[in-house]
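Engineer: Provided below: start_1.txt, containing compact mmCIF, C-alpha atoms.
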```txt
# COMPACT_ATOMS: atom_id res chain seq x y z
CA MET T 44 5.44 63.24 52.53
CA THR T 45 2.63 60.86 53.32
CA THR T 46 2.76 59.30 49.85
CA GLN T 47 6.43 58.36 50.33
CA GLN T 48 5.61 56.76 53.66
CA ASP T 49 2.69 54.87 52.11
CA GLU T 50 4.92 53.61 49.28
CA SER T 51 7.61 52.50 51.72
CA GLN T 52 4.99 50.67 53.79
CA ASP T 53 3.66 48.94 50.64
CA LEU T 54 7.18 47.85 49.75
CA ALA T 55 7.79 46.61 53.29
CA ILE T 56 4.60 44.52 53.25
CA THR T 57 5.60 42.72 50.08
CA SER T 58 9.24 42.41 51.04
CA PRO T 59 10.58 38.90 51.63
CA THR T 60 12.28 40.10 54.82
CA SER T 61 9.07 41.50 56.32
CA PRO T 62 7.33 39.26 58.88
CA VAL T 63 3.96 40.36 57.51
CA ALA T 64 4.51 38.80 54.08
CA ALA T 65 4.45 35.00 53.87
CA PHE T 66 7.46 34.23 51.71
CA PRO T 67 7.42 31.89 49.95
CA LEU T 68 3.68 31.83 49.56
CA LEU T 69 2.05 28.73 50.97
CA PRO T 70 -0.08 26.70 48.59
CA LEU T 71 -3.78 27.33 48.94
CA GLU T 72 -4.86 23.81 48.09
CA HIS T 73 -3.49 20.39 48.87
CA ARG T 74 -2.12 18.60 45.82
CA SER T 75 -2.09 14.85 45.60
CA ARG T 76 1.28 13.15 45.28
CA ALA T 77 -0.24 10.25 43.34
CA PRO T 78 1.36 11.27 39.99
CA GLU T 79 4.79 11.04 41.62
CA PHE T 80 4.09 7.50 42.80
CA TYR T 81 2.65 6.50 39.43
CA GLY T 82 5.74 7.88 37.71
CA PHE T 83 8.05 6.01 40.05
CA VAL T 84 6.16 2.75 39.54
CA ALA T 85 6.22 3.22 35.76
CA TRP T 86 9.94 4.02 35.80
CA THR T 87 10.92 1.03 37.97
CA SER T 88 8.65 -1.40 36.12
CA THR T 89 10.12 -0.26 32.80
CA TYR T 90 13.65 -0.96 34.02
CA ILE T 91 12.66 -4.33 35.50
CA LEU T 92 10.95 -5.38 32.26
CA PHE T 93 13.99 -4.28 30.25
CA VAL T 94 16.32 -6.34 32.45
CA ILE T 95 14.03 -9.37 32.12
CA TYR T 96 13.94 -8.85 28.33
CA VAL T 97 17.74 -8.67 28.08
CA LEU T 98 18.18 -11.72 30.31
CA TRP T 99 15.65 -13.65 28.23
CA ALA T 100 17.49 -12.64 25.06
CA ILE T 101 21.06 -13.50 26.14
CA LEU T 102 20.90 -16.17 28.86
CA PRO T 103 21.42 -19.76 27.78
CA GLU T 104 18.44 -22.10 28.09
CA GLU T 105 19.96 -24.00 31.02
CA TYR T 106 20.00 -20.88 33.22
CA ILE T 107 16.40 -20.04 32.35
CA LEU T 108 15.29 -23.57 33.22
CA TRP T 109 17.38 -23.42 36.42
CA LEU T 110 15.43 -20.28 37.44
CA GLY T 111 12.23 -22.37 37.27
CA ILE T 112 10.82 -20.91 34.06
CA GLU T 113 9.42 -23.76 32.00
CA TRP T 114 7.90 -21.79 29.14
CA TYR T 115 9.03 -18.61 27.45
CA PRO T 116 8.56 -17.17 23.95
CA SER T 117 10.85 -18.13 21.14
CA ARG T 118 14.19 -16.32 21.07
CA GLU T 119 13.56 -15.02 17.57
CA TRP T 120 11.10 -12.53 19.09
CA ALA T 121 14.05 -10.89 20.85
CA LEU T 122 15.08 -9.62 17.40
CA LEU T 123 11.67 -9.36 15.77
CA VAL T 124 10.04 -7.05 18.35
CA PRO T 125 12.68 -4.26 18.06
CA ALA T 126 12.82 -4.68 14.29
CA TYR T 127 9.03 -4.43 13.96
CA SER T 128 9.03 -1.42 16.28
CA VAL T 129 11.54 0.42 14.08
CA VAL T 130 9.54 -0.44 10.96
CA VAL T 131 6.31 0.81 12.57
CA CYS T 132 8.08 4.05 13.55
CA PHE T 133 9.31 4.61 9.99
CA LEU T 134 5.87 3.76 8.57
CA THR T 135 4.31 6.29 10.91
CA TYR T 136 6.61 9.03 9.62
CA PHE T 137 5.97 7.94 6.04
CA THR T 138 2.19 7.92 6.60
CA TYR T 139 2.10 11.44 8.03
CA PHE T 140 4.36 12.69 5.24
CA ALA T 141 2.11 11.06 2.62
CA LEU T 142 -1.02 12.53 4.23
CA ALA T 143 0.55 15.99 4.18
CA ILE T 144 1.39 15.64 0.49
CA ALA T 145 -2.10 14.33 -0.30
CA ALA T 146 -3.70 17.30 1.50
CA THR T 147 -1.58 19.86 -0.37
CA PRO T 148 -3.55 21.57 -3.16
CA SER T 149 -2.21 21.55 -6.68
CA PHE T 150 -0.50 24.60 -8.18
CA SER T 151 -3.52 25.34 -10.37
CA ASP T 152 -5.86 25.47 -7.35
CA ILE T 153 -7.02 28.94 -6.29
CA SER T 154 -6.36 28.12 -2.61
CA THR T 155 -2.61 28.32 -3.30
CA ILE T 156 -3.08 31.99 -4.22
CA THR T 157 -5.74 33.29 -1.81
CA ASP T 158 -7.96 32.10 0.99
CA SER T 159 -11.06 33.11 2.92
CA ARG T 160 -9.04 35.52 5.09
CA ALA T 161 -7.86 37.68 2.19
CA HIS T 162 -8.55 41.40 2.61
CA LEU T 163 -9.48 42.63 -0.85
CA PRO T 164 -10.56 46.20 -1.68
CA ALA T 165 -14.18 47.12 -2.30
CA THR T 166 -15.28 46.96 -5.92
CA TYR T 167 -17.14 50.33 -6.09
CA HIS T 168 -14.00 52.18 -7.26
CA PRO T 169 -12.58 51.38 -10.71
CA ASN T 170 -9.07 51.01 -9.32
CA PRO T 171 -8.90 51.19 -5.52
CA TYR T 172 -5.11 50.99 -5.59
CA LEU T 173 -4.88 54.28 -7.49
CA ALA T 174 -7.44 55.92 -5.20
CA GLN T 175 -4.83 55.82 -2.43
CA ALA T 176 -2.27 57.69 -4.56
CA ASN T 177 -3.26 61.15 -3.24
CA SER T 178 -0.56 62.75 -1.14
CA ASP T 179 -2.94 63.41 1.76
CA ALA T 180 -4.66 60.01 1.68
CA ILE T 181 -4.03 57.39 4.34
CA PRO T 182 -3.81 54.14 2.43
CA GLU T 183 -5.78 51.14 3.59
CA LEU T 184 -4.11 47.79 3.75
CA TYR T 185 -5.16 45.28 1.11
CA ASP T 186 -3.90 42.00 -0.18
CA ILE T 187 -2.56 42.56 -3.66
CA PRO T 188 -4.17 40.23 -6.23
CA ILE T 189 -1.84 37.82 -7.97
CA GLY T 190 -2.73 39.25 -11.39
CA LEU T 191 -1.52 42.70 -10.40
CA VAL T 192 1.67 41.27 -8.91
CA ASN T 193 2.33 39.33 -12.13
CA ARG T 194 1.61 42.39 -14.29
CA VAL T 195 4.06 44.55 -12.31
CA THR T 196 6.71 41.85 -12.05
CA TYR T 197 6.57 40.41 -15.58
CA GLY T 198 5.02 43.22 -17.61
CA PRO T 199 1.84 43.21 -19.69
CA LEU T 200 0.53 40.05 -21.31
CA PRO T 201 1.99 39.32 -24.76
CA GLU T 202 -0.42 39.77 -27.64
```
Would you write out, as structure tokens, the structure that this file holds?
Structural biologist:
Amino acid sequence: MTTQQDESQDLAITSPTSPVAAFPLLPLEHRSRAPEFYGFVAWTSTYILFVIYVLWAILPEEYILWLGIEWYPSREWALLVPAYSVVVCFLTYFTYFALAIAATPSFSDISTITDSRAHLPATYHPNPYLAQANSDAIPELYDIPIGLVNRVTYGPLPE
């Protein structure tokens, strides 16, 4: 009887409706809100710079001079910067793809068949795969060598 009362008290302590339990839990440490402000500044400055970029690209020269801006980059950069950005993006994908192909071993390399993590049987038995053929034996797990797989799949070597 006492164990049921103890369990009901434990449930009551952790219950969200119990005045003993602080729900939701209050944070133990004070977190800075600086990342929120940095994010807001980055977001607003990005939009402001985009609006200035679009206005620079599409406004006639008279309006820009009327705003008091005496010097600004050539208008051809309004097309060159996005075009160069797209080309750099494509070259980045191409570079990573080329590096992946260059790092891939050839088909004749042994690392395409096995690696340093291969679990091969011990060599003290003439054929460790047949040693596990007893009905009462618990077989160990091994990686099967590629030669054995080829022999079973394709038959013996031609003479």
Engineer: Which residues come within 12 Å of stretch 89-104 of chain T, counting only C-alpha atoms, excluding same-chain residues fewer than 5 positions away, as a PDB file with C-alpha atoms, keeping the file's coordinate frame?
Structural biologist:
```pdb
ATOM      1  CA  GLY T  82       5.740   7.880  37.710  1.00  0.00           C
ATOM      2  CA  PHE T  83       8.050   6.010  40.050  1.00  0.00           C
ATOM      3  CA  VAL T  84       6.160   2.750  39.540  1.00  0.00           C
ATOM      4  CA  TRP T 109      17.380 -23.420  36.420  1.00  0.00           C
ATOM      5  CA  LEU T 110      15.430 -20.280  37.440  1.00  0.00           C
ATOM      6  CA  GLY T 111      12.230 -22.370  37.270  1.00  0.00           C
ATOM      7  CA  ILE T 112      10.820 -20.910  34.060  1.00  0.00           C
ATOM      8  CA  GLU T 113       9.420 -23.760  32.000  1.00  0.00           C
ATOM      9  CA  TRP T 114       7.900 -21.790  29.140  1.00  0.00           C
ATOM     10  CA  TYR T 115       9.030 -18.610  27.450  1.00  0.00           C
ATOM     11  CA  PRO T 116       8.560 -17.170  23.950  1.00  0.00           C
ATOM     12  CA  SER T 117      10.850 -18.130  21.140  1.00  0.00           C
ATOM     13  CA  ARG T 118      14.190 -16.320  21.070  1.00  0.00           C
ATOM     14  CA  GLU T 119      13.560 -15.020  17.570  1.00  0.00           C
ATOM     15  CA  TRP T 120      11.100 -12.530  19.090  1.00  0.00           C
ATOM     16  CA  ALA T 121      14.050 -10.890  20.850  1.00  0.00           C
ATOM     17  CA  LEU T 122      15.080  -9.620  17.400  1.00  0.00           C
ATOM     18  CA  LEU T 123      11.670  -9.360  15.770  1.00  0.00           C
ATOM     19  CA  VAL T 124      10.040  -7.050  18.350  1.00  0.00           C
ATOM     20  CA  PRO T 125      12.680  -4.260  18.060  1.00  0.00           C
TER      21      PRO T 125
END
```
Engineer: Interatomic distance between atom CA of T:Asn177 and atom CA of T:Asp158?
Structural biologist: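 According to the coordinates, atom CA of T:Asn177 and atom CA of T:Asp158 are separated by 29.7 Å.
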Engineer: Atom CA of T:Asp186 to atom CA of T:Arg160: how many Å, to one decimal?
Structural biologist: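 Value for the atom CA of T:Asp186-atom CA of T:Arg160 distance: 9.8 Å.
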Engineer: If you measure from atom CA of T:Glu202 to atom CA of T:Ala176, what distance in Å do you get, rounded to one decimal?
Structural biologist: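 These atoms are spaced 29.3 Å apart.
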Engineer: Name the residues in contact with T:Ile189 at a cut-off of 12 Å, using only C-alpha atoms, excluding same-chain residues fewer than 2 positions from it; report them as a list in words.
Structural biologist: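 So, after excluding close chain neighbours, the residues are Ile153, Ser154, Thr155, Ile156, Thr157, Ala161, Leu163, Asp186, Ile187, Leu191, Val192, Asn193, Arg194, Val195, Thr196 and Tyr197 of chain T.
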Engineer: Keeping C-alpha atoms, export the residues of the selection given above as a CSV table (one decimal), keeping the file's coordinate frame.
Structural biologist:
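Dumped everything to part_24.csv:
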```csv
chain,number,residue,atom,x,y,z
T,153,ILE,CA,-7.0,28.9,-6.3
T,154,SER,CA,-6.4,28.1,-2.6
T,155,THR,CA,-2.6,28.3,-3.3
T,156,ILE,CA,-3.1,32.0,-4.2
T,157,THR,CA,-5.7,33.3,-1.8
T,161,ALA,CA,-7.9,37.7,2.2
T,163,LEU,CA,-9.5,42.6,-0.8
T,186,ASP,CA,-3.9,42.0,-0.2
T,187,ILE,CA,-2.6,42.6,-3.7
T,191,LEU,CA,-1.5,42.7,-10.4
T,192,VAL,CA,1.7,41.3,-8.9
T,193,ASN,CA,2.3,39.3,-12.1
T,194,ARG,CA,1.6,42.4,-14.3
T,195,VAL,CA,4.1,44.6,-12.3
T,196,THR,CA,6.7,41.8,-12.0
T,197,TYR,CA,6.6,40.4,-15.6
```
